[in-house]
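Note: the block below is upload_11.cif and it holds mmCIF, C-alpha atoms and all ligand atoms.
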```cif
data_coords
#
loop_
_atom_site.label_atom_id
_atom_site.label_comp_id
_atom_site.auth_asym_id
_atom_site.auth_seq_id
_atom_site.Cartn_x
_atom_site.Cartn_y
_atom_site.Cartn_z
CA MET J 12 70.85 122.41 169.90
CA THR J 13 69.74 118.97 168.81
CA VAL J 14 68.86 116.61 171.62
CA VAL J 15 69.16 112.98 170.67
CA LEU J 16 67.18 110.40 172.56
CA ASP J 17 68.26 106.79 172.39
CA THR J 18 65.21 104.55 172.35
CA GLY J 19 66.98 101.29 171.60
CA ASP J 20 68.82 100.74 168.34
CA ARG J 21 67.40 103.87 166.65
CA PRO J 22 68.10 107.22 168.29
CA ARG J 23 65.34 109.68 167.46
CA HIS J 24 64.52 113.32 168.01
CA PRO J 25 62.35 113.69 171.09
CA GLU J 26 59.39 114.88 169.05
CA LYS J 27 59.30 111.48 167.32
CA ALA J 28 60.12 109.34 170.36
CA HIS J 29 57.47 111.00 172.53
CA ARG J 30 54.77 110.95 169.92
CA PRO J 31 51.81 108.85 171.01
CA ASP J 32 51.35 105.61 169.09
CA ALA J 33 49.41 106.23 165.91
CA PRO J 34 46.72 103.74 164.87
CA ALA J 35 47.77 101.28 162.18
CA LEU J 36 45.23 100.50 159.45
CA PRO J 37 45.20 96.88 158.25
CA LYS J 38 46.97 96.54 154.89
CA PRO J 39 44.67 95.89 151.93
CA ASP J 40 45.11 92.96 149.54
CA TRP J 41 46.85 95.05 146.91
CA ILE J 42 49.85 95.74 149.19
CA ARG J 43 51.56 92.40 148.61
CA VAL J 44 55.32 92.10 148.41
CA LYS J 45 57.86 89.41 147.70
CA ALA J 46 59.67 87.98 150.73
CA PRO J 47 63.41 88.74 150.74
CA VAL J 48 64.66 85.16 150.49
CA SER J 49 66.24 84.79 147.01
CA LYS J 50 69.86 84.00 146.16
CA GLY J 51 70.12 87.40 144.45
CA TYR J 52 68.93 89.09 147.63
CA ALA J 53 71.62 87.33 149.67
CA GLU J 54 74.31 88.26 147.12
CA THR J 55 73.22 91.89 147.06
CA ARG J 56 73.28 92.01 150.84
CA ALA J 57 76.76 90.49 150.92
CA ILE J 58 78.11 93.08 148.44
CA VAL J 59 76.53 95.96 150.39
CA ARG J 60 78.00 94.66 153.66
CA ALA J 61 81.44 93.92 152.16
CA HIS J 62 81.70 97.55 151.05
CA ALA J 63 80.41 98.91 154.37
CA LEU J 64 77.61 100.83 152.66
CA HIS J 65 74.12 101.87 153.67
CA THR J 66 71.08 101.47 151.47
CA VAL J 67 67.78 103.29 151.65
CA CYS J 68 66.20 99.94 150.81
CA GLU J 69 67.06 98.68 154.29
CA GLU J 70 67.08 101.92 156.27
CA ALA J 71 63.65 102.97 155.05
CA GLY J 72 62.23 99.45 155.34
CA CYS J 73 61.23 99.53 151.66
CA PRO J 74 58.52 96.99 150.79
CA ASN J 75 60.15 96.27 147.41
CA ILE J 76 63.47 95.03 148.76
CA GLY J 77 62.72 91.36 147.99
CA GLU J 78 62.02 92.14 144.33
CA CYS J 79 64.76 94.75 143.81
CA TRP J 80 67.59 92.95 145.54
CA GLU J 81 66.83 89.71 143.74
CA LYS J 82 67.80 91.68 140.60
CA LYS J 83 70.77 93.29 142.45
CA HIS J 84 69.10 96.70 142.33
CA ALA J 85 70.13 98.46 145.52
CA THR J 86 69.90 102.20 146.17
CA PHE J 87 72.89 103.53 148.08
CA MET J 88 72.39 105.98 150.91
CA ILE J 89 75.56 108.03 151.35
CA MET J 90 76.91 110.26 154.13
CA GLY J 91 75.98 107.91 156.96
CA ASP J 92 72.86 106.35 158.38
CA THR J 93 71.84 109.27 160.60
CA CYS J 94 69.71 112.16 159.34
CA THR J 95 69.55 115.71 160.72
CA ARG J 96 65.83 115.95 159.99
CA ALA J 97 62.95 114.15 161.68
CA CYS J 98 60.32 113.75 158.96
CA ALA J 99 57.19 112.08 160.29
CA PHE J 100 57.05 109.48 157.51
CA CYS J 101 60.67 108.37 157.47
CA ASN J 102 62.26 105.36 159.13
CA VAL J 103 65.85 106.57 158.81
CA LYS J 104 67.27 107.29 162.24
CA THR J 105 67.62 110.87 163.38
CA GLY J 106 70.45 112.52 165.30
CA LEU J 107 73.84 114.07 164.88
CA PRO J 108 75.71 112.36 162.03
CA GLY J 109 79.41 111.55 162.10
CA PRO J 110 82.05 113.03 159.80
CA LEU J 111 82.00 112.23 156.09
CA ASP J 112 83.82 109.07 155.05
CA ALA J 113 86.40 109.93 152.37
CA GLY J 114 86.57 106.28 151.31
CA GLU J 115 82.84 106.03 150.65
CA PRO J 116 82.82 107.27 147.01
CA ALA J 117 85.28 104.58 145.90
CA ARG J 118 83.32 101.89 147.75
CA VAL J 119 80.03 103.01 146.17
CA ALA J 120 81.71 102.84 142.76
CA GLU J 121 83.15 99.40 143.46
CA ALA J 122 79.84 98.05 144.74
CA THR J 123 78.09 99.47 141.65
CA ALA J 124 80.53 97.50 139.51
CA LYS J 125 80.14 94.32 141.58
CA LEU J 126 76.34 94.52 141.39
CA GLY J 127 76.62 95.07 137.63
CA LEU J 128 74.29 98.04 137.71
CA ALA J 129 73.50 99.63 134.34
CA HIS J 130 71.76 102.44 136.24
CA VAL J 131 72.56 103.35 139.82
CA VAL J 132 70.52 105.45 142.23
CA VAL J 133 72.36 107.31 144.97
CA THR J 134 70.53 109.08 147.75
CA SER J 135 71.59 110.43 151.13
CA VAL J 136 70.47 111.46 154.54
CA ASP J 137 69.95 115.19 155.13
CA ARG J 138 73.18 116.81 156.28
CA ASP J 139 72.10 120.21 157.59
CA ASP J 140 75.24 120.13 159.75
CA LEU J 141 77.53 120.51 156.70
CA ASP J 142 78.16 123.90 155.08
CA ASP J 143 77.24 122.58 151.64
CA GLY J 144 74.64 120.03 152.81
CA GLY J 145 76.91 117.28 151.43
CA ALA J 146 76.78 118.53 147.81
CA ALA J 147 80.52 118.15 147.24
CA HIS J 148 80.39 114.58 148.55
CA PHE J 149 77.56 113.79 146.11
CA ALA J 150 79.75 115.18 143.30
CA VAL J 151 82.72 113.04 144.35
CA VAL J 152 80.52 109.94 144.43
CA ILE J 153 79.17 110.69 140.93
CA ARG J 154 82.69 111.14 139.56
CA ALA J 155 83.93 107.98 141.25
CA ILE J 156 81.12 105.94 139.67
CA ARG J 157 81.83 107.49 136.24
CA ALA J 158 85.50 106.61 136.56
CA ARG J 159 84.88 103.01 137.66
CA CYS J 160 81.72 102.17 135.65
CA ALA J 161 81.84 104.18 132.43
CA GLY J 162 78.63 102.72 130.99
CA THR J 163 76.49 103.12 134.11
CA THR J 164 73.94 105.91 134.16
CA ILE J 165 73.59 107.77 137.44
CA GLU J 166 70.52 109.05 139.22
CA VAL J 167 70.80 111.18 142.36
CA LEU J 168 67.97 111.57 144.82
CA THR J 169 69.06 114.53 146.89
CA PRO J 170 67.94 116.35 150.03
CA ASP J 171 66.54 119.85 149.58
CA PHE J 172 69.86 121.66 150.30
CA LEU J 173 67.78 124.27 152.12
CA ARG J 174 69.83 127.44 152.74
CA LYS J 175 72.97 125.81 151.26
CA GLN J 176 74.15 128.35 148.71
CA GLY J 177 75.74 126.79 145.63
CA ALA J 178 74.91 123.20 146.58
CA ILE J 179 72.59 122.49 143.65
CA GLU J 180 75.16 123.91 141.23
CA THR J 181 77.85 121.64 142.68
CA VAL J 182 75.78 118.49 142.15
CA VAL J 183 74.60 119.49 138.65
CA ALA J 184 78.20 120.24 137.63
CA ALA J 185 79.05 116.58 138.32
CA ARG J 186 76.51 115.71 135.60
CA PRO J 187 74.27 112.98 136.96
CA ASP J 188 71.89 111.64 134.30
CA VAL J 189 68.81 112.16 136.47
CA PHE J 190 68.36 114.69 139.27
CA ASN J 191 65.59 113.57 141.59
CA HIS J 192 64.25 115.39 144.59
CA ASN J 193 61.03 114.20 146.18
CA LEU J 194 58.34 116.61 147.33
CA GLU J 195 56.90 113.70 149.36
CA THR J 196 53.54 115.35 150.06
CA VAL J 197 51.29 118.33 149.38
CA PRO J 198 52.10 121.77 150.83
CA SER J 199 49.34 121.69 153.47
CA LYS J 200 50.99 118.62 155.08
CA TYR J 201 54.52 119.97 155.22
CA LEU J 202 54.46 121.26 158.78
CA VAL J 203 53.48 117.83 160.07
CA VAL J 204 55.10 115.50 157.53
CA ARG J 205 58.31 117.37 156.52
CA PRO J 206 58.67 119.96 159.30
CA GLY J 207 62.26 120.90 158.42
CA ALA J 208 61.49 121.46 154.74
CA ARG J 209 59.74 124.17 152.71
CA TYR J 210 57.53 123.19 149.80
CA PHE J 211 58.47 126.04 147.49
CA ALA J 212 62.18 125.61 148.25
CA SER J 213 61.86 122.04 146.97
CA ILE J 214 60.02 123.19 143.84
CA ARG J 215 62.66 125.85 143.34
CA LEU J 216 65.46 123.29 143.62
CA LEU J 217 63.96 121.29 140.76
CA GLN J 218 63.42 124.41 138.68
CA ARG J 219 67.01 125.52 139.34
CA VAL J 220 68.42 122.21 138.07
CA LYS J 221 66.66 122.78 134.74
CA GLU J 222 67.86 126.39 134.60
CA ILE J 223 71.47 125.30 135.01
CA ASP J 224 71.24 122.32 132.66
CA PRO J 225 68.09 122.19 130.53
CA GLY J 226 69.11 118.77 129.20
CA MET J 227 69.26 117.09 132.59
CA PHE J 228 66.31 114.86 133.44
CA THR J 229 64.49 115.92 136.60
CA LYS J 230 62.22 113.76 138.67
CA SER J 231 60.11 114.07 141.79
CA GLY J 232 57.71 111.99 143.82
CA VAL J 233 54.83 112.14 146.24
CA MET J 234 53.23 109.66 148.60
CA LEU J 235 49.48 109.25 148.89
CA GLY J 236 47.59 108.31 152.03
CA LEU J 237 48.85 111.05 154.37
CA GLY J 238 45.52 112.87 154.39
CA GLU J 239 46.00 114.94 151.24
CA GLU J 240 43.08 116.01 149.05
CA ARG J 241 42.77 115.19 145.36
CA ASN J 242 42.83 118.86 144.31
CA GLU J 243 46.09 119.29 146.25
CA ILE J 244 47.73 116.47 144.30
CA LEU J 245 46.62 118.10 141.06
CA GLN J 246 48.12 121.40 142.25
CA VAL J 247 51.42 119.66 143.04
CA MET J 248 51.44 118.28 139.49
CA ASP J 249 50.96 121.80 138.12
CA ASP J 250 53.73 123.19 140.33
CA LEU J 251 56.11 120.46 139.15
CA ARG J 252 55.24 121.07 135.52
CA ALA J 253 55.82 124.81 136.05
CA ALA J 254 59.31 123.81 137.22
CA ASP J 255 59.70 121.69 134.04
CA VAL J 256 60.00 118.40 135.92
CA ASP J 257 60.10 115.42 133.54
CA PHE J 258 59.18 112.42 135.64
CA LEU J 259 56.65 112.03 138.45
CA THR J 260 56.38 109.04 140.79
CA ILE J 261 53.34 108.49 142.99
CA GLY J 262 53.21 105.73 145.62
CA GLN J 263 51.29 104.71 148.73
CA TYR J 264 52.69 105.91 152.08
CA LEU J 265 53.31 103.00 154.47
CA GLN J 266 53.75 103.64 158.17
CA PRO J 267 57.16 102.33 159.35
CA THR J 268 56.22 102.19 163.06
CA ARG J 269 53.42 103.43 165.30
CA LYS J 270 55.58 106.46 166.15
CA HIS J 271 55.32 107.60 162.55
CA HIS J 272 52.54 109.46 160.78
CA PRO J 273 49.49 107.20 160.43
CA VAL J 274 48.26 105.96 157.08
CA VAL J 275 45.08 107.98 156.71
CA ARG J 276 43.92 106.00 153.72
CA PHE J 277 45.05 103.16 151.48
CA VAL J 278 44.46 104.53 148.01
CA PRO J 279 43.09 101.87 145.62
CA PRO J 280 45.13 100.97 142.48
CA ASP J 281 42.49 102.50 140.17
CA GLU J 282 42.99 105.92 141.74
CA PHE J 283 46.72 105.66 141.13
CA LYS J 284 45.97 104.89 137.49
CA ALA J 285 43.66 107.88 137.25
CA TYR J 286 46.40 110.15 138.64
CA ALA J 287 48.82 108.72 136.05
CA THR J 288 46.41 109.64 133.26
CA ILE J 289 45.98 113.17 134.58
CA ALA J 290 49.72 113.64 135.06
CA ALA J 291 50.46 112.47 131.53
CA ALA J 292 47.87 114.94 130.24
CA LYS J 293 49.60 117.70 132.18
CA GLY J 294 52.77 117.05 130.20
CA PHE J 295 55.11 114.89 132.28
CA LEU J 296 57.39 112.86 130.02
CA MET J 297 56.94 109.88 132.35
CA VAL J 298 54.69 108.94 135.22
CA SER J 299 54.89 105.94 137.49
CA SER J 300 51.88 105.68 139.76
CA SER J 301 50.91 102.60 141.74
CA PRO J 302 50.66 101.62 145.41
CA LEU J 303 54.20 100.19 145.46
CA THR J 304 55.85 102.82 143.27
CA ARG J 305 58.97 104.23 144.90
CA SER J 306 61.33 106.72 143.29
CA SER J 307 64.05 104.14 142.80
CA HIS J 308 61.79 101.21 141.92
CA HIS J 309 62.56 100.04 138.36
CA ALA J 310 64.67 103.19 137.99
CA GLY J 311 66.88 101.65 135.29
CA GLU J 312 64.00 100.56 133.03
CA ASP J 313 62.26 103.86 133.68
CA PHE J 314 65.35 105.83 132.69
CA ALA J 315 65.47 104.03 129.33
CA ARG J 316 61.79 104.87 128.77
CA LEU J 317 62.40 108.46 129.86
CA LYS J 318 65.10 108.92 127.22
CA ASP J 319 62.87 107.36 124.57
CA ALA J 320 60.00 109.65 125.58
CA ARG J 321 62.16 112.74 125.06
CA VAL J 322 63.13 111.78 121.52
CA ALA J 323 59.66 110.54 120.55
CA PRO J 324 57.68 113.00 118.43
CA ALA J 325 54.96 114.82 120.39
CA ARG J 326 51.53 113.33 119.81
S1 LIG Z 1 62.23 100.47 145.47
FE1 LIG Z 1 64.16 101.59 145.74
S2 LIG Z 1 64.44 101.74 147.98
FE2 LIG Z 1 62.91 100.14 147.57
S3 LIG Z 1 64.09 98.23 147.51
FE3 LIG Z 1 63.86 98.96 145.40
S4 LIG Z 1 65.75 100.14 145.03
FE4 LIG Z 1 65.56 99.91 147.25
#
```
As structure tokens, the full file:
Amino acid sequence: MTVVLDTGDRPRHPEKAHRPDAPALPKPDWIRVKAPVSKGYAETRAIVRAHALHTVCEEAGCPNIGECWEKKHATFMIMGDTCTRACAFCNVKTGLPGPLDAGEPARVAEATAKLGLAHVVVTSVDRDDLDDGGAAHFAVVIRAIRARCAGTTIEVLTPDFLRKQGAIETVVAARPDVFNHNLETVPSKYLVVRPGARYFASIRLLQRVKEIDPGMFTKSGVMLGLGEERNEILQVMDDLRAADVDFLTIGQYLQPTRKHHPVVRFVPPDEFKAYATIAAAKGFLMVSSSPLTRSSHHAGEDFARLKDARVAPAR
């Protein structure tokens, strides 16, 4: 049974609420973000609110929100604002989610049109409480966007659908342009950072997408600064390449609150660049690696580059 503890406006699993405060390292100079004050930001916020939608930009406290929302790039988070997992890095609230909202797919599609998105990213909370993990709802959202915004390309960033038979197939059958699932960290950190997940199940999900539809772009991401070792990151790259993943994103982990996993280290920009070079050499079609890289950051521009990279002759 899940016990939900209400600690103010964000109910959390007891293991997160009772965790002792973790130390917070001072942010280095290279973690600088734009304040969310622009006209575009206000317009994006108004459209999100008018359609009663959630965004991971707000729920996760993303540092790029000022920049992205100025350009009307919002990433929708479907199936509610409450997650059934309690990952140590994540700011999304944890608890027992409500029922699915049958009107949500049409509102996501309408908001996509209002924002004028050429490329939309749709993610979700984990829905371990649903028989299919929410896969059918993802498919309905994809189809609703296709019907309303014919020219918009669609990227899904899904949960791991752990032990949800047929879920991956359901989402792939709806034909998103990019199937993204983030590993988040190296296998040795899973028990602490992603306790409800299994590293090889996540790798297998990505591999399975390519088995079902070899033409579909696949993407995954990891955060640095959680205490991982360099050789572990290189191993993750190899595992992702073995699963034929096209696009790798690498960003700095930032601690949402003192109840979350501490930042063990702020990785300097040069190290991110070095990882990008190694990843490219390992055969990823695209790599985005910088302290403020997030899987949905510049996703539209990156998708265009990803398509170009596939048709470009191998060098
Ligand atoms: S990087 Fe992604 S999650 Fe962050 S603000 Fe931009 S679109 Fe939203």
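With CA of Lys38 (chain J) on one side and CA of Val197 (chain J) on the other, the separation reads 22.9 Å.
The space between CA of Pro279 (chain J) and CA of Pro206 (chain J) spans 27.5 Å.
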Selected residue, from J:Ala63, J:Val220, J:Leu168, J:Leu303, that lies nearest to Val131 (chain J) when counting only C-alpha atoms: J:Leu168
J:Gln266, J:Asn102, J:Thr66, J:Ser301 ranked by distance to Ala33 (chain J), top pick (using only C-alpha atoms): J:Gln266
Among the residues J:Arg269, J:His309, J:Arg321, J:His29, the one that comes closest to ligand LIG 1 (chain Z) [using only C-alpha atoms and all ligand atoms]: J:His309
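CA of Val133 (chain J) lies 15.5 Å from CA of Leu111 (chain J).
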All residues having an atom within 6 Å of ligand LIG 1 (chain Z) (all atoms listed in the file) as a ChimeraX atom specification: /J:67-68,73,75-76,79,84-86,305,307-308
Export, as a compact mmCIF listing (two decimals), in the coordinates of the input, the selected residues with C-alpha atoms.
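Wrote it out as part_16.txt, contents follow:
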```
# COMPACT_ATOMS: atom_id res chain seq x y z
CA VAL J 67 67.78 103.29 151.65
CA CYS J 68 66.20 99.94 150.81
CA CYS J 73 61.23 99.53 151.66
CA ASN J 75 60.15 96.27 147.41
CA ILE J 76 63.47 95.03 148.76
CA CYS J 79 64.76 94.75 143.81
CA HIS J 84 69.10 96.70 142.33
CA ALA J 85 70.13 98.46 145.52
CA THR J 86 69.90 102.20 146.17
CA ARG J 305 58.97 104.23 144.90
CA SER J 307 64.05 104.14 142.80
CA HIS J 308 61.79 101.21 141.92
```
Selection as a ChimeraX atom specification: residues within 9 Å of (79.4, 115.7, 135.3), counting all atoms listed in the file: /J:150,153-154,157,182-188
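Of the listed residues J:Arg252, J:Arg43, J:Lys125, J:Lys270, the one whose atoms come nearest to Ala291 (chain J) is J:Arg252, with distances taken using all atoms listed in the file.
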Residue nearest Ala71 (chain J) - candidates J:Pro267, J:Gly236, J:Pro302, J:Pro280, atoms counted: all atoms listed in the file: J:Pro267
Point (72.1, 104.0, 136.0), cut-off 7 Å, counting all atoms listed in the file, residues as a PyMOL selection string: chain J and resi 128-132+163-166+311
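Of the residues under consideration (J:Leu217, J:Leu173, J:Val274, J:Ile42), J:Leu217 shows the shortest atom-to-atom contact distance to Asn193 (chain J) when counting only C-alpha atoms.
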Residues near Thr260 (chain J), cut-off 8 Å, all atoms listed in the file, skip fewer than 6 positions along chain, as an MDAnalysis selection string: chainID J and resid 230:233 298:300 304:306
Surrounding residues of Arg209 (chain J) excluding itself and chain neighbours under 6 positions, 9 Å, only C-alpha atoms, as a PyMOL selection string: chain J and resi 171+173+198+201-202
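The neighbours of Cys94 (chain J) here are the residues that come within 9 Å of it, using all atoms listed in the file and leaving out any residue fewer than 6 positions away in the same chain; they are Val103, Lys104, Thr105, Gly106, Leu107, Pro108, Ser135, Val136, Asp137, Arg138 and Asp139 of chain J.
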Region 157-173 of chain J, all listed atoms, 8 Å padding on each side: what axis-aligned box centre and edge lengths in Å to one decimal come out, as lines of an AutoDock Vina configuration file?
```
center_x = 76.0
center_y = 113.2
center_z = 141.6
size_x = 35.0
size_y = 38.1
size_z = 37.1
```
Residue neighbourhood Thr196 (chain J), 10 Å, only C-alpha atoms, exclusion window fewer than 3 positions, as a VMD selection string: chain J and resid 193 199 to 201 204 to 205 210 232 to 239 243 to 244 247 261 264
